[in-house]
Amino acid sequence: MVNTGDTAWILTSAALVLLMTPGLALFYGGMVRVKSVLNMMMMSFGALALIAVLWVLFGYSIAFGNDVGAGLLGDPAEFLGLRGLMEDTTSESGGLPAMAFVGFQSVFAIITVALISGAIADRARFGTWMVFAGIWATIVYFPVAHWVFAFDSGDGSVIGGWIANDLAAIDFAGGTAVHINAGAAALALALVLGKRRGFGRESMRPHNLPLVMIGAGLLWFGWFGFNAGSALAADNTASVVWVNTLVATAAATLGWLATERVRDGHATSLGAASGVVAGLVAITPACSALSPVGSIVLGLVAGALCALAVGLKYRLGYDDSLDVVGVHLVGGLVGTIAVGFLATSAAPAGVAGLFYGGGVDQLWRQSVGAVAVLAFSFVVTYVIGTLLQKTIGFRISEEDEVTGIDLTVHAESGYDLHTAGAGSSRPVGSATQPSKVNEGSVSA
Amino acid sequence: MKLVTAVIKPHKWDDVREALETFGVTGMTVTEASGYGRQKGHTEVYRGAEYDVALLPKVRLEIVVDDADAADVVDVVAKSASTGQIGDGKVWVTNVEAVVRVRTGERDAAAL
């Protein structure tokens, strides 16, 4: 018998989380220069399209099929093409249809892949990005989602992943599987592809901060589905998580703004948008384990630390273009480790951290989970990226990069703000070319 | 005929236009321009990284006038565009050989 209340909330949450990926496209798109806004957004939309298909074909099965050994991998064949999941499998006592869970988890896979693209702005071949996205989802995300999100069934008939069950680290909505995972992959890809031409010398200031603010707003909105939906029920846990997600994010925004006001002399809009995302990332693993006041503490710390971390790339010399490392890896680590300190047994997760008399037990579980995902993702991503770079090529040519990836790779421009000089048009493939004389007279 | 070109601060454009209309100038071409002089650009901060932005927004005016009016027009622009601060801009004058009004074909002084 389907629990209609829970099912309605989970389907709604899934749609909220789906909106985060177009939101991320805006957040990232506004941060790059005019000549690469479309490519930046296309990496998110490309991931959305591809990963949704792979998820249905075999991704869900790898993540949530019965474990094939040691909690590392689900059985890829069990739910191949989602077979057997169309019938109502809910029990007499009431439950969630399998497809509601399939849909809800699909959008997590999508946004995790899309997050990585921020590290490789302006310079990645679109085709290679798509190939990378498919391979990375298959051998990094789907298995890690199994580690973190696949719980053993109550009767022991279905075995899940090692972090969720054996280690019992708390990662409510994906601080490890989504953010540490994407952040570590972003660092690896930034190293494989190398710096943008002119990195650290030329101006690479964001071309459209209002887009960044809209994107941050959509991310925050969607994140209520991400976190509160992860309760997998319309219940008290979801409600506590909702409030924690609100207040940690607000506190992180304040933390980021205060940090840059002290350090740089200005509270900036990009800082506010970044603080929002840093807070959302940090509260993601912790939202079921903290009190609302604990969430404020976590938010302030995460906002300040991430604001400091985004400067690291200039000192260490890697071009993580849009700070996926500084925001998602650092924010994910802060949130995941913070559970070990700030968890209170009064919260729905019912575990006490170091500051609430729980000792260091949960702290080491959190640390092992975080480091395991970080190391696995970084190493495997580095290998995938290097192989693609050496075979089909990952980086566009210097000339194409200088001209602009929107024009050279997608044959489009993000903005047409001029009334003159638009030129002429013809159907694709028609032989007529504009004559030399015309070309000269219309070019502006 | 002379071409009077002025590059001024954008927020002074309304004052300059009013002063020129009072003087009797009936038309001009205005372009949004970027540039810098002695004041150089300014600094912006994004996620802790400072960017020196070399170009500042400016407005460029172009007015074609009779030889006899050129000096007065320059004075009017210079006076009305002034704030006394660095970055107020420049006004300069160049010779114009011929002018045609596109609609009527009138030439030179009649076309102004």
# chains A, B, ... in the order shown; residues from 1 in each chain; ligands from 1
call {"tool": "interface_residues", "arguments": {"of": "chain A", "to": "chain B", "cutoff": "9 Å", "atoms": "only C-alpha atoms", "output": "list in words"}}
result
Glu202, Ser203, Met204, Arg205, Pro206, Glu260, Arg263, Asp264, His266, Thr268, Leu270, Gly271, Ser274, Ala307, Leu308, Val310, Gly311 and Tyr314 of chain A
call {"tool": "residues_around", "arguments": {"residues": "Pro22 of chain A", "least_positions_apart": "3", "cutoff": "8 Å", "atoms": "only C-alpha atoms", "output": "NGL selection string"}}
result
:A and (18-19 or 25-26 or 41 or 44-45 or 215)
call {"tool": "select_by_dssp", "arguments": {"residues": "chain B", "states": "strand (DSSP E)", "output": "ChimeraX atom specification"}}
result
/B:2-8,29-35,42-46,49-53,56-65,89-95
call {"tool": "select_by_dssp", "arguments": {"residues": "segment 8-48 of chain B", "states": "helix (DSSP H, G or I)", "output": "ChimeraX atom specification"}}
result
/B:10-23
call {"tool": "residues_around", "arguments": {"residues": "Gln85 of chain B", "least_positions_apart": "6", "cutoff": "12 Å", "atoms": "only C-alpha atoms", "output": "ChimeraX atom specification"}}
result
/B:8-9,38-39
call {"tool": "closest_atom_pairs", "arguments": {"of": "segment 355-419 of chain A", "to": "segment 186-192 of chain A", "cutoff": "8 Å", "atoms": "only C-alpha atoms", "output": "Markdown table"}}
result
| residue | atom | partner | partner_atom | distance |
| --- | --- | --- | --- | --- |
| A:Phe378 | CA | A:Ala188 | CA | 5.6 |
| A:Val379 | CA | A:Ala188 | CA | 7.6 |
| A:Thr381 | CA | A:Ala188 | CA | 6.1 |
| A:Tyr382 | CA | A:Ala188 | CA | 5.0 |
| A:Gly385 | CA | A:Leu189 | CA | 6.2 |
| A:Thr386 | CA | A:Val192 | CA | 6.1 |
| A:Gln389 | CA | A:Val192 | CA | 7.8 |
call {"tool": "atom_distance", "arguments": {"atom1": "atom CA of Gly127 of chain A", "atom2": "atom CA of Ala273 of chain A"}}
result
29.9 Å
call {"tool": "residues_around", "arguments": {"residues": "segment 322-327 of chain A", "least_positions_apart": "4", "cutoff": "10 Å", "atoms": "only C-alpha atoms", "output": "NGL selection string"}}
result
(:A and (27-29 or 31-32 or 115-121 or 179-180 or 182-188 or 190 or 206 or 274-275 or 277-282 or 302-303 or 305-313 or 331-333)) or (:B and (47))
call {"tool": "write_last_selection", "arguments": {"atoms": "N, CA and C atoms", "output": "CSV table (one decimal), in the first residue's frame"}}
result
chain,number,residue,atom,x,y,z
A,27,PHE,N,24.5,29.6,-11.9
A,27,PHE,CA,25.5,29.9,-10.9
A,27,PHE,C,26.9,29.9,-11.5
A,28,TYR,N,27.2,28.9,-12.2
A,28,TYR,CA,28.5,28.8,-12.9
A,28,TYR,C,28.6,29.7,-14.1
A,29,GLY,N,27.5,29.7,-14.9
A,29,GLY,CA,27.5,30.5,-16.1
A,29,GLY,C,27.8,32.0,-15.9
A,31,MET,N,29.6,33.2,-13.7
A,31,MET,CA,30.9,33.4,-13.1
A,31,MET,C,32.0,33.4,-14.1
A,32,VAL,N,31.7,32.9,-15.3
A,32,VAL,CA,32.8,32.9,-16.4
A,32,VAL,C,32.7,34.1,-17.2
A,115,LEU,N,28.5,19.3,-11.0
A,115,LEU,CA,29.3,20.1,-10.1
A,115,LEU,C,30.8,20.2,-10.5
A,116,ILE,N,31.3,19.0,-11.0
A,116,ILE,CA,32.7,18.9,-11.3
A,116,ILE,C,33.1,20.0,-12.4
A,117,SER,N,32.1,20.3,-13.3
A,117,SER,CA,32.5,21.1,-14.5
A,117,SER,C,33.0,22.5,-14.1
A,118,GLY,N,32.7,23.0,-12.9
A,118,GLY,CA,33.2,24.3,-12.5
A,118,GLY,C,34.7,24.4,-12.5
A,119,ALA,N,35.4,23.2,-12.4
A,119,ALA,CA,36.9,23.3,-12.3
A,119,ALA,C,37.5,23.4,-13.6
A,120,ILE,N,36.8,23.2,-14.7
A,120,ILE,CA,37.4,23.1,-16.0
A,120,ILE,C,36.8,24.1,-17.0
A,121,ALA,N,36.4,25.3,-16.5
A,121,ALA,CA,35.7,26.3,-17.3
A,121,ALA,C,36.6,26.7,-18.5
A,179,HIS,N,29.5,15.9,-2.4
A,179,HIS,CA,30.3,17.1,-2.4
A,179,HIS,C,31.8,16.8,-2.3
A,180,ILE,N,32.2,15.9,-1.4
A,180,ILE,CA,33.6,15.6,-1.3
A,180,ILE,C,34.0,14.9,-2.6
A,182,ALA,N,32.6,15.1,-5.7
A,182,ALA,CA,32.7,16.1,-6.8
A,182,ALA,C,33.9,17.0,-6.6
A,183,GLY,N,34.2,17.4,-5.4
A,183,GLY,CA,35.3,18.4,-5.1
A,183,GLY,C,36.6,17.7,-5.4
A,184,ALA,N,36.8,16.5,-5.0
A,184,ALA,CA,38.1,15.8,-5.2
A,184,ALA,C,38.2,15.5,-6.7
A,185,ALA,N,37.2,15.2,-7.4
A,185,ALA,CA,37.2,15.0,-8.8
A,185,ALA,C,37.6,16.3,-9.5
A,186,ALA,N,37.0,17.4,-9.0
A,186,ALA,CA,37.3,18.7,-9.6
A,186,ALA,C,38.8,19.0,-9.5
A,187,LEU,N,39.4,18.7,-8.4
A,187,LEU,CA,40.8,19.0,-8.2
A,187,LEU,C,41.6,18.2,-9.1
A,188,ALA,N,41.3,16.9,-9.3
A,188,ALA,CA,42.0,16.0,-10.2
A,188,ALA,C,41.9,16.5,-11.6
A,190,ALA,N,41.2,19.6,-12.7
A,190,ALA,CA,41.9,20.9,-12.9
A,190,ALA,C,43.4,20.6,-13.1
A,206,PRO,N,33.8,37.6,-13.2
A,206,PRO,CA,32.5,37.1,-13.6
A,206,PRO,C,31.8,38.1,-14.5
A,274,SER,N,28.3,32.7,-2.8
A,274,SER,CA,29.2,31.6,-2.5
A,274,SER,C,28.9,31.1,-1.1
A,275,GLY,N,28.6,32.0,-0.2
A,275,GLY,CA,28.3,31.7,1.2
A,275,GLY,C,27.1,30.8,1.3
A,277,VAL,N,26.0,28.7,-1.0
A,277,VAL,CA,26.4,27.3,-1.5
A,277,VAL,C,27.2,26.6,-0.4
A,278,ALA,N,28.2,27.4,0.1
A,278,ALA,CA,29.1,26.7,1.1
A,278,ALA,C,28.3,26.2,2.3
A,279,GLY,N,27.3,27.0,2.8
A,279,GLY,CA,26.4,26.6,3.9
A,279,GLY,C,25.6,25.4,3.5
A,280,LEU,N,25.0,25.4,2.3
A,280,LEU,CA,24.2,24.2,1.9
A,280,LEU,C,25.0,23.0,1.8
A,281,VAL,N,26.3,23.1,1.3
A,281,VAL,CA,27.2,21.9,1.2
A,281,VAL,C,27.5,21.4,2.6
A,282,ALA,N,27.8,22.3,3.5
A,282,ALA,CA,28.2,21.9,4.8
A,282,ALA,C,27.1,21.2,5.6
A,302,ALA,N,31.7,27.1,8.4
A,302,ALA,CA,31.9,26.7,7.0
A,302,ALA,C,32.0,27.9,6.0
A,303,GLY,N,31.2,28.9,6.3
A,303,GLY,CA,31.2,30.1,5.5
A,303,GLY,C,32.6,30.8,5.6
A,305,LEU,N,35.5,29.4,6.6
A,305,LEU,CA,36.6,28.5,6.1
A,305,LEU,C,36.6,28.4,4.6
A,306,CYS,N,35.4,28.3,4.0
A,306,CYS,CA,35.4,28.3,2.5
A,306,CYS,C,35.8,29.6,1.9
A,307,ALA,N,35.5,30.7,2.5
A,307,ALA,CA,35.9,32.0,2.0
A,307,ALA,C,37.4,32.1,2.0
A,308,LEU,N,38.0,31.5,3.0
A,308,LEU,CA,39.5,31.5,3.0
A,308,LEU,C,40.1,30.5,2.1
A,309,ALA,N,39.3,29.3,1.8
A,309,ALA,CA,39.9,28.3,1.0
A,309,ALA,C,39.9,28.6,-0.5
A,310,VAL,N,39.0,29.5,-0.9
A,310,VAL,CA,39.0,29.8,-2.4
A,310,VAL,C,40.3,30.5,-2.8
A,311,GLY,N,41.0,31.1,-1.9
A,311,GLY,CA,42.3,31.7,-2.3
A,311,GLY,C,43.4,30.8,-2.5
A,312,LEU,N,43.2,29.5,-2.0
A,312,LEU,CA,44.4,28.5,-2.1
A,312,LEU,C,44.9,28.3,-3.5
A,313,LYS,N,44.0,28.3,-4.5
A,313,LYS,CA,44.4,28.0,-5.8
A,313,LYS,C,45.4,28.9,-6.4
A,331,GLY,N,33.8,22.5,2.0
A,331,GLY,CA,32.5,22.6,2.6
A,331,GLY,C,32.0,21.2,3.0
A,332,GLY,N,32.3,20.2,2.1
A,332,GLY,CA,31.8,18.8,2.4
A,332,GLY,C,32.6,18.2,3.5
A,333,LEU,N,33.9,18.5,3.5
A,333,LEU,CA,34.8,18.0,4.6
A,333,LEU,C,34.4,18.6,6.0
B,47,ARG,N,35.9,36.9,-4.8
B,47,ARG,CA,36.4,35.7,-4.1
B,47,ARG,C,37.8,35.9,-3.7
call {"tool": "atom_distance", "arguments": {"atom1": "atom CA of Pro97 of chain A", "atom2": "atom CA of Leu290 of chain A"}}
result
29.1 Å
call {"tool": "residues_around", "arguments": {"residues": "segment 227-231 of chain A", "least_positions_apart": "2", "cutoff": "10 Å", "atoms": "only C-alpha atoms", "output": "PyMOL selection string"}}
result
chain A and resi 6+9-14+16-17+101+104-105+149+172-174+222-225+233-245+280+283-288+348
call {"tool": "closest_residue", "arguments": {"among": "B:Ala111, B:Val73, B:Ala68, B:Val100", "to": "Val4 of chain B", "atoms": "only C-alpha atoms"}}
result
B:Val73
call {"tool": "closest_residue", "arguments": {"among": "B:Thr43, B:Thr26, B:Met1, B:Val59", "to": "Asp14 of chain B", "atoms": "only C-alpha atoms"}}
result
B:Val59
call {"tool": "closest_residue", "arguments": {"among": "A:Val107, A:Ala352, A:Leu73, A:Ala100", "to": "Ile159 of chain A", "atoms": "only C-alpha atoms"}}
result
A:Leu73
call {"tool": "closest_residue", "arguments": {"among": "B:Gly41, B:Ala54, B:Thr104, B:Thr94", "to": "Asp66 of chain B", "atoms": "only C-alpha atoms"}}
result
B:Thr94
call {"tool": "closest_residue", "arguments": {"among": "A:Phe221, A:Phe132, A:Phe79, A:Tyr60", "to": "Gly46 of chain A", "atoms": "only C-alpha atoms"}}
result
A:Phe132
call {"tool": "closest_residue", "arguments": {"among": "A:Val144, A:Leu85, A:Ala272, A:Ala252", "to": "Ile214 of chain A", "atoms": "only C-alpha atoms"}}
result
A:Ala272
call {"tool": "residues_around", "arguments": {"residues": "Ile63 of chain B", "least_positions_apart": "3", "cutoff": "8 Å", "atoms": "only C-alpha atoms", "output": "PyMOL selection string"}}
result
chain B and resi 3-5+27-29
